[in-house]
file upload-v6.cif (mmCIF, C-alpha atoms)
data_input
loop_
_atom_site.group_PDB
_atom_site.id
_atom_site.type_symbol
_atom_site.label_atom_id
_atom_site.label_comp_id
_atom_site.auth_asym_id
_atom_site.auth_seq_id
_atom_site.Cartn_x
_atom_site.Cartn_y
_atom_site.Cartn_z
ATOM 1 C CA MET A 1 42.302 -54.406 94.982
ATOM 2 C CA TYR A 2 44.822 -54.809 92.176
ATOM 3 C CA LEU A 3 48.079 -56.687 91.750
ATOM 4 C CA THR A 4 50.888 -55.785 89.379
ATOM 5 C CA VAL A 5 52.626 -58.877 87.997
ATOM 6 C CA VAL A 6 56.151 -58.302 86.645
ATOM 7 C CA PRO A 7 57.710 -61.056 84.487
ATOM 8 C CA ALA A 8 61.386 -61.962 84.180
ATOM 9 C CA ASP A 9 62.181 -60.014 81.016
ATOM 10 C CA GLU A 10 60.841 -56.791 82.529
ATOM 11 C CA VAL A 11 62.746 -57.437 85.780
ATOM 12 C CA ARG A 12 65.986 -57.617 83.797
ATOM 13 C CA ALA A 13 65.144 -54.400 81.934
ATOM 14 C CA LEU A 14 64.243 -52.495 85.111
ATOM 15 C CA LEU A 15 67.085 -53.711 87.334
ATOM 16 C CA PRO A 16 70.504 -52.790 85.872
ATOM 17 C CA MET A 17 73.443 -54.148 87.841
ATOM 18 C CA ASP A 18 74.913 -50.831 88.962
ATOM 19 C CA LEU A 19 71.560 -49.727 90.362
ATOM 20 C CA CYS A 20 71.003 -53.081 92.062
ATOM 21 C CA ILE A 21 74.361 -52.797 93.826
ATOM 22 C CA GLU A 22 73.198 -49.520 95.369
ATOM 23 C CA LEU A 23 69.853 -51.053 96.334
ATOM 24 C CA MET A 24 71.702 -53.893 98.084
ATOM 25 C CA ALA A 25 73.860 -51.411 99.977
ATOM 26 C CA GLY A 26 70.708 -49.715 101.239
ATOM 27 C CA ALA A 27 68.976 -52.965 102.191
ATOM 28 C CA LEU A 28 71.979 -54.285 104.130
ATOM 29 C CA ALA A 29 72.507 -50.922 105.797
ATOM 30 C CA GLY A 30 68.888 -51.034 107.001
ATOM 31 C CA LEU A 31 69.501 -54.493 108.410
ATOM 32 C CA ALA A 32 72.680 -53.340 110.157
ATOM 33 C CA ARG A 33 70.807 -50.429 111.753
ATOM 34 C CA GLY A 34 68.091 -52.758 113.031
ATOM 35 C CA ALA A 35 65.444 -51.034 110.905
ATOM 36 C CA ALA A 36 64.765 -54.057 108.665
ATOM 37 C CA THR A 37 63.856 -57.596 109.674
ATOM 38 C CA ASN A 38 65.024 -60.853 108.159
ATOM 39 C CA PRO A 39 63.900 -64.098 109.830
ATOM 40 C CA LEU A 40 65.719 -67.281 108.915
ATOM 41 C CA ARG A 41 64.365 -68.902 105.780
ATOM 42 C CA THR A 42 62.464 -72.150 106.063
ATOM 43 C CA GLY A 43 62.722 -74.969 103.570
ATOM 44 C CA TYR A 44 61.999 -78.614 103.117
ATOM 45 C CA GLY A 45 62.954 -81.339 100.692
ATOM 46 C CA LEU A 46 60.194 -82.275 98.290
ATOM 47 C CA PRO A 47 59.034 -85.883 97.850
ATOM 48 C CA GLY A 48 61.252 -87.781 95.460
ATOM 49 C CA GLY A 49 64.330 -85.748 96.340
ATOM 50 C CA HIS A 50 64.174 -83.612 93.189
ATOM 51 C CA GLY A 51 64.300 -80.247 94.914
ATOM 52 C CA ILE A 52 63.363 -78.041 97.840
ATOM 53 C CA LEU A 53 60.744 -75.411 98.563
ATOM 54 C CA ALA A 54 61.882 -72.389 100.586
ATOM 55 C CA THR A 55 60.082 -69.415 102.104
ATOM 56 C CA MET A 56 61.964 -66.167 102.806
ATOM 57 C CA PRO A 57 59.946 -63.457 104.619
ATOM 58 C CA GLY A 58 61.149 -60.041 105.719
ATOM 59 C CA SER A 59 60.461 -56.327 105.973
ATOM 60 C CA LEU A 60 62.331 -53.301 104.697
ATOM 61 C CA ALA A 61 63.465 -50.281 106.688
ATOM 62 C CA ASP A 62 61.579 -47.017 107.057
ATOM 63 C CA GLY A 63 58.113 -48.415 106.404
ATOM 64 C CA GLN A 64 58.913 -49.430 102.841
ATOM 65 C CA GLY A 65 56.784 -52.551 103.097
ATOM 66 C CA PHE A 66 57.217 -56.244 103.626
ATOM 67 C CA GLY A 67 56.823 -59.483 101.768
ATOM 68 C CA ALA A 68 58.222 -62.904 101.070
ATOM 69 C CA LYS A 69 59.957 -64.915 98.406
ATOM 70 C CA LEU A 70 58.533 -68.365 97.737
ATOM 71 C CA ILE A 71 61.001 -70.328 95.673
ATOM 72 C CA SER A 72 61.766 -73.855 94.561
ATOM 73 C CA VAL A 73 65.279 -75.076 93.831
ATOM 74 C CA PHE A 74 65.512 -77.933 91.322
ATOM 75 C CA PRO A 75 69.197 -78.521 90.404
ATOM 76 C CA GLY A 76 68.138 -80.945 87.654
ATOM 77 C CA ASN A 77 66.517 -78.076 85.740
ATOM 78 C CA ARG A 78 69.894 -77.124 84.282
ATOM 79 C CA ALA A 79 69.931 -80.292 82.199
ATOM 80 C CA VAL A 80 66.784 -79.190 80.348
ATOM 81 C CA GLY A 81 67.711 -75.535 79.951
ATOM 82 C CA LEU A 82 65.696 -74.142 82.860
ATOM 83 C CA GLU A 83 66.823 -72.049 85.811
ATOM 84 C CA SER A 84 67.310 -74.074 88.978
ATOM 85 C CA HIS A 85 65.543 -71.376 91.038
ATOM 86 C CA GLN A 86 61.846 -70.838 90.245
ATOM 87 C CA GLY A 87 59.406 -68.727 92.201
ATOM 88 C CA VAL A 88 57.756 -65.423 93.013
ATOM 89 C CA ILE A 89 58.219 -62.497 95.361
ATOM 90 C CA VAL A 90 55.015 -61.093 96.846
ATOM 91 C CA LEU A 91 55.059 -57.497 98.096
ATOM 92 C CA PHE A 92 52.646 -56.005 100.662
ATOM 93 C CA ASP A 93 52.136 -52.352 101.549
ATOM 94 C CA ALA A 94 53.132 -51.296 105.048
ATOM 95 C CA GLU A 95 49.979 -49.321 105.864
ATOM 96 C CA HIS A 96 47.246 -51.921 105.435
ATOM 97 C CA GLY A 97 49.105 -55.144 104.656
ATOM 98 C CA ILE A 98 47.602 -55.379 101.189
ATOM 99 C CA PRO A 99 49.496 -57.383 98.551
ATOM 100 C CA TYR A 100 50.216 -55.128 95.604
ATOM 101 C CA ALA A 101 52.799 -56.850 93.414
ATOM 102 C CA VAL A 102 54.082 -60.256 92.347
ATOM 103 C CA VAL A 103 57.557 -60.257 90.804
ATOM 104 C CA ASP A 104 59.458 -63.058 89.077
ATOM 105 C CA ALA A 105 61.929 -64.426 91.632
ATOM 106 C CA SER A 106 64.357 -66.171 89.276
ATOM 107 C CA ALA A 107 65.424 -62.934 87.592
ATOM 108 C CA ILE A 108 65.585 -61.040 90.889
ATOM 109 C CA THR A 109 67.709 -63.791 92.457
ATOM 110 C CA ALA A 110 70.095 -63.887 89.503
ATOM 111 C CA ILE A 111 70.747 -60.153 89.621
ATOM 112 C CA ARG A 112 70.643 -59.328 93.322
ATOM 113 C CA THR A 113 72.901 -62.254 94.316
ATOM 114 C CA ALA A 114 75.630 -60.970 92.031
ATOM 115 C CA ALA A 115 74.947 -57.376 93.069
ATOM 116 C CA VAL A 116 75.643 -58.245 96.716
ATOM 117 C CA SER A 117 78.926 -59.859 95.662
ATOM 118 C CA GLY A 118 79.639 -56.714 93.668
ATOM 119 C CA LEU A 119 79.049 -54.659 96.795
ATOM 120 C CA ALA A 120 81.334 -56.959 98.803
ATOM 121 C CA THR A 121 83.991 -56.650 96.114
ATOM 122 C CA ARG A 122 83.718 -52.865 96.129
ATOM 123 C CA LEU A 123 84.107 -52.783 99.917
ATOM 124 C CA LEU A 124 86.716 -55.519 100.405
ATOM 125 C CA ALA A 125 88.813 -56.149 97.285
ATOM 126 C CA ARG A 126 91.980 -54.206 96.595
ATOM 127 C CA GLU A 127 91.361 -51.077 94.536
ATOM 128 C CA GLU A 128 93.896 -52.176 91.918
ATOM 129 C CA ALA A 129 92.392 -55.658 91.465
ATOM 130 C CA THR A 130 92.270 -56.503 87.747
ATOM 131 C CA ASN A 131 92.257 -60.329 87.499
ATOM 132 C CA LEU A 132 89.073 -62.291 88.183
ATOM 133 C CA ALA A 133 88.561 -66.029 88.592
ATOM 134 C CA ILE A 134 85.050 -67.464 88.254
ATOM 135 C CA LEU A 135 84.442 -71.033 89.355
ATOM 136 C CA GLY A 136 81.155 -72.032 87.720
ATOM 137 C CA SER A 137 79.548 -71.463 84.333
ATOM 138 C CA GLY A 138 75.832 -70.929 84.910
ATOM 139 C CA THR A 139 73.595 -67.929 85.447
ATOM 140 C CA GLN A 140 75.508 -66.708 88.484
ATOM 141 C CA ALA A 141 78.794 -66.867 86.597
ATOM 142 C CA ARG A 142 77.317 -64.513 84.014
ATOM 143 C CA THR A 143 75.840 -62.069 86.495
ATOM 144 C CA HIS A 144 78.928 -62.137 88.733
ATOM 145 C CA LEU A 145 81.104 -61.199 85.796
ATOM 146 C CA LYS A 146 78.842 -58.225 85.139
ATOM 147 C CA ALA A 147 78.792 -57.215 88.818
ATOM 148 C CA THR A 148 82.572 -57.417 89.183
ATOM 149 C CA LEU A 149 83.109 -55.361 86.037
ATOM 150 C CA ALA A 150 80.840 -52.718 87.564
ATOM 151 C CA VAL A 151 83.113 -52.179 90.583
ATOM 152 C CA ARG A 152 86.679 -53.031 89.511
ATOM 153 C CA PRO A 153 88.763 -52.448 86.329
ATOM 154 C CA ILE A 154 88.910 -56.131 85.383
ATOM 155 C CA ARG A 155 91.216 -56.907 82.459
ATOM 156 C CA GLN A 156 91.428 -60.701 82.555
ATOM 157 C CA VAL A 157 88.980 -63.435 83.553
ATOM 158 C CA ALA A 158 89.875 -67.090 84.097
ATOM 159 C CA ALA A 159 86.882 -69.413 84.304
ATOM 160 C CA TRP A 160 86.545 -73.052 85.309
ATOM 161 C CA SER A 161 83.614 -75.441 85.421
ATOM 162 C CA PRO A 162 83.398 -79.227 85.830
ATOM 163 C CA THR A 163 81.280 -79.328 82.656
ATOM 164 C CA SER A 164 83.487 -78.497 79.681
ATOM 165 C CA GLU A 165 80.622 -77.721 77.285
ATOM 166 C CA ARG A 166 79.030 -75.248 79.683
ATOM 167 C CA LEU A 167 82.420 -73.709 80.411
ATOM 168 C CA GLN A 168 83.134 -73.098 76.745
ATOM 169 C CA ALA A 169 79.668 -71.635 76.214
ATOM 170 C CA PHE A 170 80.253 -69.232 79.105
ATOM 171 C CA VAL A 171 83.700 -68.217 77.813
ATOM 172 C CA ASP A 172 82.406 -67.630 74.284
ATOM 173 C CA GLU A 173 79.481 -65.528 75.512
ATOM 174 C CA ALA A 174 81.638 -63.515 77.920
ATOM 175 C CA ARG A 175 84.158 -62.710 75.177
ATOM 176 C CA GLU A 176 81.360 -61.511 72.927
ATOM 177 C CA ARG A 177 79.557 -59.383 75.511
ATOM 178 C CA HIS A 178 82.406 -57.806 77.464
ATOM 179 C CA ALA A 179 85.571 -55.967 76.495
ATOM 180 C CA VAL A 180 87.778 -58.219 78.592
ATOM 181 C CA GLU A 181 90.072 -61.189 78.017
ATOM 182 C CA VAL A 182 88.385 -64.456 79.066
ATOM 183 C CA VAL A 183 90.170 -67.813 79.191
ATOM 184 C CA ALA A 184 89.048 -71.330 80.112
ATOM 185 C CA ALA A 185 91.127 -72.978 82.826
ATOM 186 C CA GLY A 186 91.747 -76.692 83.152
ATOM 187 C CA SER A 187 91.155 -76.773 86.913
ATOM 188 C CA ALA A 188 89.877 -74.602 89.731
ATOM 189 C CA ALA A 189 93.413 -74.149 91.046
ATOM 190 C CA GLU A 190 94.608 -73.049 87.595
ATOM 191 C CA ALA A 191 91.777 -70.501 87.329
ATOM 192 C CA VAL A 192 92.575 -69.047 90.752
ATOM 193 C CA SER A 193 96.321 -68.800 90.170
ATOM 194 C CA GLY A 194 97.145 -65.115 89.717
ATOM 195 C CA ALA A 195 93.613 -63.928 90.515
ATOM 196 C CA ASP A 196 92.886 -60.868 92.634
ATOM 197 C CA ILE A 197 89.177 -61.684 93.001
ATOM 198 C CA VAL A 198 87.600 -65.161 93.101
ATOM 199 C CA CYS A 199 83.881 -65.937 92.789
ATOM 200 C CA THR A 200 82.689 -69.474 93.549
ATOM 201 C CA VAL A 201 79.254 -69.929 91.967
ATOM 202 C CA THR A 202 78.819 -73.690 91.573
ATOM 203 C CA ALA A 203 76.383 -76.309 92.788
ATOM 204 C CA ALA A 204 79.242 -78.291 94.347
ATOM 205 C CA ARG A 205 78.579 -80.337 97.467
ATOM 206 C CA ASP A 206 82.272 -80.669 98.311
ATOM 207 C CA PRO A 207 85.021 -78.021 98.229
ATOM 208 C CA ILE A 208 86.329 -76.901 94.873
ATOM 209 C CA LEU A 209 88.441 -74.042 96.288
ATOM 210 C CA ARG A 210 91.137 -74.894 98.826
ATOM 211 C CA GLY A 211 93.274 -72.859 101.142
ATOM 212 C CA ALA A 212 96.400 -73.858 99.253
ATOM 213 C CA ASP A 213 94.977 -72.047 96.194
ATOM 214 C CA LEU A 214 94.885 -68.669 97.934
ATOM 215 C CA ALA A 215 97.475 -65.924 97.656
ATOM 216 C CA PRO A 216 97.975 -62.781 99.756
ATOM 217 C CA GLY A 217 95.691 -59.921 98.795
ATOM 218 C CA MET A 218 92.910 -62.034 97.291
ATOM 219 C CA HIS A 219 89.244 -61.373 97.828
ATOM 220 C CA VAL A 220 86.832 -64.337 97.625
ATOM 221 C CA ASN A 221 83.056 -64.240 97.145
ATOM 222 C CA ALA A 222 81.741 -67.685 98.177
ATOM 223 C CA VAL A 223 78.222 -67.868 96.778
ATOM 224 C CA GLY A 224 77.142 -71.347 95.691
ATOM 225 C CA SER A 225 76.685 -73.064 99.068
ATOM 226 C CA SER A 226 73.617 -71.962 101.034
ATOM 227 C CA VAL A 227 72.778 -75.076 103.072
ATOM 228 C CA PRO A 228 74.702 -76.668 105.970
ATOM 229 C CA SER A 229 75.374 -79.869 104.023
ATOM 230 C CA ALA A 230 77.202 -78.289 101.050
ATOM 231 C CA ARG A 231 80.674 -76.732 100.912
ATOM 232 C CA GLU A 232 82.317 -74.910 98.009
ATOM 233 C CA ILE A 233 85.420 -73.914 99.972
ATOM 234 C CA ASP A 234 87.436 -75.901 102.478
ATOM 235 C CA GLY A 235 88.071 -74.978 106.091
ATOM 236 C CA GLU A 236 91.525 -73.628 105.337
ATOM 237 C CA VAL A 237 90.048 -70.987 103.010
ATOM 238 C CA VAL A 238 87.838 -69.807 105.863
ATOM 239 C CA ALA A 239 90.633 -69.947 108.432
ATOM 240 C CA ARG A 240 93.107 -67.998 106.277
ATOM 241 C CA SER A 241 90.632 -65.202 105.531
ATOM 242 C CA ARG A 242 89.021 -62.282 107.304
ATOM 243 C CA LEU A 243 85.410 -63.422 107.086
ATOM 244 C CA PHE A 244 82.461 -61.153 106.279
ATOM 245 C CA VAL A 245 78.861 -62.371 105.986
ATOM 246 C CA ASP A 246 75.529 -60.992 104.854
ATOM 247 C CA ARG A 247 74.027 -61.846 108.251
ATOM 248 C CA ARG A 248 75.533 -63.575 111.282
ATOM 249 C CA GLU A 249 72.451 -65.586 112.248
ATOM 250 C CA SER A 250 72.054 -66.894 108.711
ATOM 251 C CA ALA A 251 75.740 -67.820 108.433
ATOM 252 C CA LEU A 252 75.745 -69.704 111.734
ATOM 253 C CA ASN A 253 72.652 -71.675 110.757
ATOM 254 C CA GLU A 254 72.983 -72.149 106.999
ATOM 255 C CA SER A 255 76.555 -71.728 105.760
ATOM 256 C CA GLY A 256 78.069 -75.121 104.990
ATOM 257 C CA ASP A 257 81.387 -73.392 104.316
ATOM 258 C CA LEU A 258 81.570 -71.817 107.767
ATOM 259 C CA LEU A 259 79.927 -74.676 109.648
ATOM 260 C CA GLY A 260 82.288 -77.154 108.001
ATOM 261 C CA ALA A 261 85.309 -75.131 109.116
ATOM 262 C CA MET A 262 83.861 -74.999 112.626
ATOM 263 C CA ARG A 263 83.332 -78.782 112.645
ATOM 264 C CA ASP A 264 86.944 -79.179 111.525
ATOM 265 C CA GLY A 265 87.982 -77.207 114.596
ATOM 266 C CA LEU A 266 89.672 -74.501 112.515
ATOM 267 C CA VAL A 267 87.505 -71.531 113.541
ATOM 268 C CA ASP A 268 84.634 -70.610 115.820
ATOM 269 C CA GLU A 269 81.830 -68.089 115.417
ATOM 270 C CA SER A 270 84.095 -65.258 116.555
ATOM 271 C CA HIS A 271 85.915 -65.653 113.222
ATOM 272 C CA ILE A 272 83.122 -63.573 111.628
ATOM 273 C CA VAL A 273 84.564 -60.068 111.389
ATOM 274 C CA ALA A 274 81.345 -58.265 110.467
ATOM 275 C CA GLU A 275 78.179 -58.245 108.439
ATOM 276 C CA LEU A 276 78.513 -56.493 105.097
ATOM 277 C CA GLY A 277 75.912 -53.908 106.129
ATOM 278 C CA GLU A 278 78.057 -52.947 109.101
ATOM 279 C CA VAL A 279 80.865 -52.085 106.697
ATOM 280 C CA VAL A 280 78.406 -50.049 104.616
ATOM 281 C CA VAL A 281 77.276 -47.953 107.604
ATOM 282 C CA GLY A 282 80.802 -47.599 108.969
ATOM 283 C CA THR A 283 80.489 -49.515 112.231
ATOM 284 C CA ALA A 284 82.981 -52.123 110.998
ATOM 285 C CA ARG A 285 86.119 -51.848 108.924
ATOM 286 C CA GLY A 286 86.682 -53.752 105.705
ATOM 287 C CA ARG A 287 90.125 -54.541 104.308
ATOM 288 C CA HIS A 288 93.033 -53.634 106.574
ATOM 289 C CA SER A 289 95.932 -54.145 104.187
ATOM 290 C CA GLY A 290 96.875 -55.141 100.680
ATOM 291 C CA GLU A 291 98.255 -58.468 101.891
ATOM 292 C CA GLU A 292 95.302 -59.893 103.807
ATOM 293 C CA ILE A 293 92.788 -62.296 102.276
ATOM 294 C CA THR A 294 89.142 -61.280 102.575
ATOM 295 C CA LEU A 295 86.197 -63.649 102.235
ATOM 296 C CA PHE A 296 82.535 -62.785 101.776
ATOM 297 C CA GLU A 297 80.198 -65.672 102.555
ATOM 298 C CA SER A 298 76.953 -65.030 100.667
ATOM 299 C CA LEU A 299 73.744 -66.828 101.591
ATOM 300 C CA GLY A 300 71.084 -64.526 100.158
ATOM 301 C CA LEU A 301 68.576 -62.645 102.294
ATOM 302 C CA ALA A 302 64.914 -61.763 102.017
ATOM 303 C CA VAL A 303 65.643 -58.048 102.468
ATOM 304 C CA GLU A 304 67.812 -58.193 99.339
ATOM 305 C CA ASP A 305 64.976 -59.741 97.338
ATOM 306 C CA LEU A 306 62.439 -57.281 98.727
ATOM 307 C CA ALA A 307 64.572 -54.221 98.005
ATOM 308 C CA ALA A 308 65.137 -55.309 94.413
ATOM 309 C CA ALA A 309 61.532 -56.367 93.849
ATOM 310 C CA SER A 310 60.143 -53.165 95.391
ATOM 311 C CA HIS A 311 62.188 -51.069 92.999
ATOM 312 C CA VAL A 312 61.116 -53.198 90.033
ATOM 313 C CA ALA A 313 57.432 -53.058 90.995
ATOM 314 C CA ALA A 314 57.487 -49.279 91.464
ATOM 315 C CA ALA A 315 59.303 -48.748 88.167
ATOM 316 C CA ALA A 316 56.920 -51.079 86.335
ATOM 317 C CA MET A 317 53.858 -49.242 87.627
ATOM 318 C CA GLN A 318 55.383 -45.848 86.815
ATOM 319 C CA GLN A 319 56.266 -46.901 83.265
ATOM 320 C CA GLY A 320 53.063 -48.786 82.554
ATOM 321 C CA LEU A 321 54.793 -52.166 82.470
ATOM 322 C CA GLY A 322 53.779 -55.428 84.069
ATOM 323 C CA THR A 323 50.254 -56.799 84.023
ATOM 324 C CA THR A 324 47.679 -55.407 86.429
ATOM 325 C CA VAL A 325 45.029 -57.846 87.560
ATOM 326 C CA GLU A 326 42.053 -57.408 89.845
ATOM 327 C CA PHE A 327 42.514 -59.453 92.995
#

call {"tool": "encode", "arguments": {"input": "upload-v6.cif", "output": "structure tokens"}}
result
Amino acid sequence: MYLTVVPADEVRALLPMDLCIELMAGALAGLARGAATNPLRTGYGLPGGHGILATMPGSLADGQGFGAKLISVFPGNRAVGLESHQGVIVLFDAEHGIPYAVVDASAITAIRTAAVSGLATRLLAREEATNLAILGSGTQARTHLKATLAVRPIRQVAAWSPTSERLQAFVDEARERHAVEVVAAGSAAEAVSGADIVCTVTAARDPILRGADLAPGMHVNAVGSSVPSAREIDGEVVARSRLFVDRRESALNESGDLLGAMRDGLVDESHIVAELGEVVVGTARGRHSGEEITLFESLGLAVEDLAAASHVAAAAMQQGLGTTVEF
């Protein structure tokens, strides 16, 4: 038995953003049809309080295989130049349950998270949206800029981060890499003012985007909060928006943004309009008008990781990339 091991640099080469957006559409469509499975992730805080270890199992539609992501999240890694998310995705074949590939999870997570937001933006944002606000300045800020550019004709980007040095580094890099105007904002509210699309991609524990910051016609991708105890957006943002999620069960168990709004008494679980996959397959409608505010609450799902990793593993084996080891 042999395993193909695919490192981060090869993942990035084999998983362009536009392709990953299509892979995410397929994975979420499979989930919406009931052909894929995605149990709730499990996680626990590690001794010393430095991070968590999470396990995300699932299976893809149409007998494409199954697997799991095993990942640690160490927020303190950013201070020493490392990604906060570290781990692997292990893929198994559907016929005999044999593991056949191990793929770097940090690179997959960076790309597929933004690709799902790109899909949400394509489905929910106004067609004429040209102004983007990014709240955050790390890896997800970079990949979300790329994903948004892939689906909308963005002309101006306003970015904000609580860390001025990281913000300036992001702005400088974005100006160099993309043919778009990028400015640094002095506050989150300033960045959002005039935006058509807003992406919140921070490690904030308390809201940095508030309902008062929203304007008619906006689309918001809320990405940074994936545990019940953390909120990037306040309850008014949720209440003012038509809310779409990657998966209802995950949102009702893990989304601090939604759960916080429910605790505040502003919404209940019926506020969820649809899962994104339901919009993909046509069983739910996305944006109704140019004036409404749409919100996509992103938590990240195993089926997304597995779809991206399966493509990467297949491409690596076809092109003679990765490292094959006897197992």

call {"tool": "resolve_selection", "arguments": {"input": "upload-v6.cif", "expression": "the PyMOL selection byres ((chain A and resi 75) around 9)", "output": "PyMOL selection string"}}
result
chain A and resi 50-51+73-74+76-79+83-85+203

call {"tool": "closest_atom_pairs", "arguments": {"input": "upload-v6.cif", "of": "range 62-172 of chain A", "to": "range 304-327 of chain A", "cutoff": "10 Å", "atoms": "only C-alpha atoms", "output": "JSON lines"}}
result
{"residue": "A:Gln64", "atom": "CA", "partner": "A:Ser310", "partner_atom": "CA", "distance": 8.4}
{"residue": "A:Gly65", "atom": "CA", "partner": "A:Ser310", "partner_atom": "CA", "distance": 8.4}
{"residue": "A:Phe66", "atom": "CA", "partner": "A:Leu306", "partner_atom": "CA", "distance": 7.2}
{"residue": "A:Gly67", "atom": "CA", "partner": "A:Leu306", "partner_atom": "CA", "distance": 6.8}
{"residue": "A:Ala68", "atom": "CA", "partner": "A:Leu306", "partner_atom": "CA", "distance": 7.4}
{"residue": "A:Lys69", "atom": "CA", "partner": "A:Asp305", "partner_atom": "CA", "distance": 7.3}
{"residue": "A:Val88", "atom": "CA", "partner": "A:Ala309", "partner_atom": "CA", "distance": 9.8}
{"residue": "A:Ile89", "atom": "CA", "partner": "A:Ala309", "partner_atom": "CA", "distance": 7.1}
{"residue": "A:Val90", "atom": "CA", "partner": "A:Leu306", "partner_atom": "CA", "distance": 8.6}
{"residue": "A:Leu91", "atom": "CA", "partner": "A:Ser310", "partner_atom": "CA", "distance": 7.2}
{"residue": "A:Phe92", "atom": "CA", "partner": "A:Ser310", "partner_atom": "CA", "distance": 9.6}
{"residue": "A:Pro99", "atom": "CA", "partner": "A:Phe327", "partner_atom": "CA", "distance": 9.2}
{"residue": "A:Tyr100", "atom": "CA", "partner": "A:Ala313", "partner_atom": "CA", "distance": 8.8}
{"residue": "A:Ala101", "atom": "CA", "partner": "A:Ala313", "partner_atom": "CA", "distance": 6.5}
{"residue": "A:Val102", "atom": "CA", "partner": "A:Ala313", "partner_atom": "CA", "distance": 8.1}
{"residue": "A:Val103", "atom": "CA", "partner": "A:Ala309", "partner_atom": "CA", "distance": 6.3}
{"residue": "A:Asp104", "atom": "CA", "partner": "A:Ala309", "partner_atom": "CA", "distance": 8.5}
{"residue": "A:Ala105", "atom": "CA", "partner": "A:Asp305", "partner_atom": "CA", "distance": 8.0}
{"residue": "A:Ala107", "atom": "CA", "partner": "A:Ala309", "partner_atom": "CA", "distance": 9.9}
{"residue": "A:Ile108", "atom": "CA", "partner": "A:Asp305", "partner_atom": "CA", "distance": 6.6}
{"residue": "A:Thr109", "atom": "CA", "partner": "A:Asp305", "partner_atom": "CA", "distance": 6.9}
{"residue": "A:Ile111", "atom": "CA", "partner": "A:Ala308", "partner_atom": "CA", "distance": 8.8}
{"residue": "A:Arg112", "atom": "CA", "partner": "A:Glu304", "partner_atom": "CA", "distance": 6.7}
{"residue": "A:Thr113", "atom": "CA", "partner": "A:Glu304", "partner_atom": "CA", "distance": 8.2}
{"residue": "A:Ala115", "atom": "CA", "partner": "A:Glu304", "partner_atom": "CA", "distance": 9.5}
{"residue": "A:Val116", "atom": "CA", "partner": "A:Glu304", "partner_atom": "CA", "distance": 8.3}

call {"tool": "closest_residue", "arguments": {"input": "upload-v6.cif", "among": "A:Ile208, A:Leu60, A:Leu299, A:Leu23", "to": "Asp93 in chain A", "atoms": "all atoms listed in the file"}}
result
A:Leu60

call {"tool": "closest_residue", "arguments": {"input": "upload-v6.cif", "among": "A:Gly48, A:Gly300, A:Gly224, A:Gly186", "to": "Ser250 in chain A", "atoms": "only C-alpha atoms"}}
result
A:Gly300

call {"tool": "closest_residue", "arguments": {"input": "upload-v6.cif", "among": "A:Leu53, A:Leu214, A:Leu3, A:Ala174", "to": "Ser72 in chain A", "atoms": "all atoms listed in the file"}}
result
A:Leu53

call {"tool": "closest_atom_pairs", "arguments": {"input": "upload-v6.cif", "of": "range 68-151 of chain A", "to": "range 191-199 of chain A", "cutoff": "8 Å", "atoms": "all atoms listed in the file", "output": "CSV"}}
result
residue,atom,partner,partner_atom,distance
A:Thr121,CA,A:Ile197,CA,7.9
A:Ala125,CA,A:Ile197,CA,7.0
A:Arg126,CA,A:Asp196,CA,7.8
A:Ala129,CA,A:Asp196,CA,5.4
A:Thr130,CA,A:Asp196,CA,6.6
A:Asn131,CA,A:Ala195,CA,4.9
A:Leu132,CA,A:Ile197,CA,4.9
A:Ala133,CA,A:Val198,CA,4.7
A:Ile134,CA,A:Cys199,CA,4.9
A:Leu135,CA,A:Cys199,CA,6.2
A:His144,CA,A:Cys199,CA,7.4

call {"tool": "write_last_selection", "arguments": {"input": "upload-v6.cif", "atoms": "C-alpha atoms", "output": "PDB file, in the coordinates of the input"}}
result
ATOM      1  CA  THR A 121      83.991 -56.650  96.114  1.00  0.00           C
ATOM      2  CA  ALA A 125      88.813 -56.149  97.285  1.00  0.00           C
ATOM      3  CA  ARG A 126      91.980 -54.206  96.595  1.00  0.00           C
ATOM      4  CA  ALA A 129      92.392 -55.658  91.465  1.00  0.00           C
ATOM      5  CA  THR A 130      92.270 -56.503  87.747  1.00  0.00           C
ATOM      6  CA  ASN A 131      92.257 -60.329  87.499  1.00  0.00           C
ATOM      7  CA  LEU A 132      89.073 -62.291  88.183  1.00  0.00           C
ATOM      8  CA  ALA A 133      88.561 -66.029  88.592  1.00  0.00           C
ATOM      9  CA  ILE A 134      85.050 -67.464  88.254  1.00  0.00           C
ATOM     10  CA  LEU A 135      84.442 -71.033  89.355  1.00  0.00           C
ATOM     11  CA  HIS A 144      78.928 -62.137  88.733  1.00  0.00           C
TER      12      HIS A 144
END

call {"tool": "residues_around", "arguments": {"input": "upload-v6.cif", "residues": "Arg285 in chain A", "least_positions_apart": "2", "cutoff": "10 Å", "atoms": "all atoms listed in the file", "output": "mmCIF file with C-alpha atoms, keeping the file's coordinate frame"}}
result
data_model
loop_
_atom_site.group_PDB
_atom_site.id
_atom_site.type_symbol
_atom_site.label_atom_id
_atom_site.label_comp_id
_atom_site.auth_asym_id
_atom_site.auth_seq_id
_atom_site.Cartn_x
_atom_site.Cartn_y
_atom_site.Cartn_z
ATOM 1 C CA LEU A 123 84.107 -52.783 99.917
ATOM 2 C CA LEU A 124 86.716 -55.519 100.405
ATOM 3 C CA VAL A 273 84.564 -60.068 111.389
ATOM 4 C CA ALA A 274 81.345 -58.265 110.467
ATOM 5 C CA LEU A 276 78.513 -56.493 105.097
ATOM 6 C CA GLU A 278 78.057 -52.947 109.101
ATOM 7 C CA VAL A 279 80.865 -52.085 106.697
ATOM 8 C CA VAL A 280 78.406 -50.049 104.616
ATOM 9 C CA VAL A 281 77.276 -47.953 107.604
ATOM 10 C CA GLY A 282 80.802 -47.599 108.969
ATOM 11 C CA THR A 283 80.489 -49.515 112.231
ATOM 12 C CA ARG A 287 90.125 -54.541 104.308
ATOM 13 C CA HIS A 288 93.033 -53.634 106.574
#
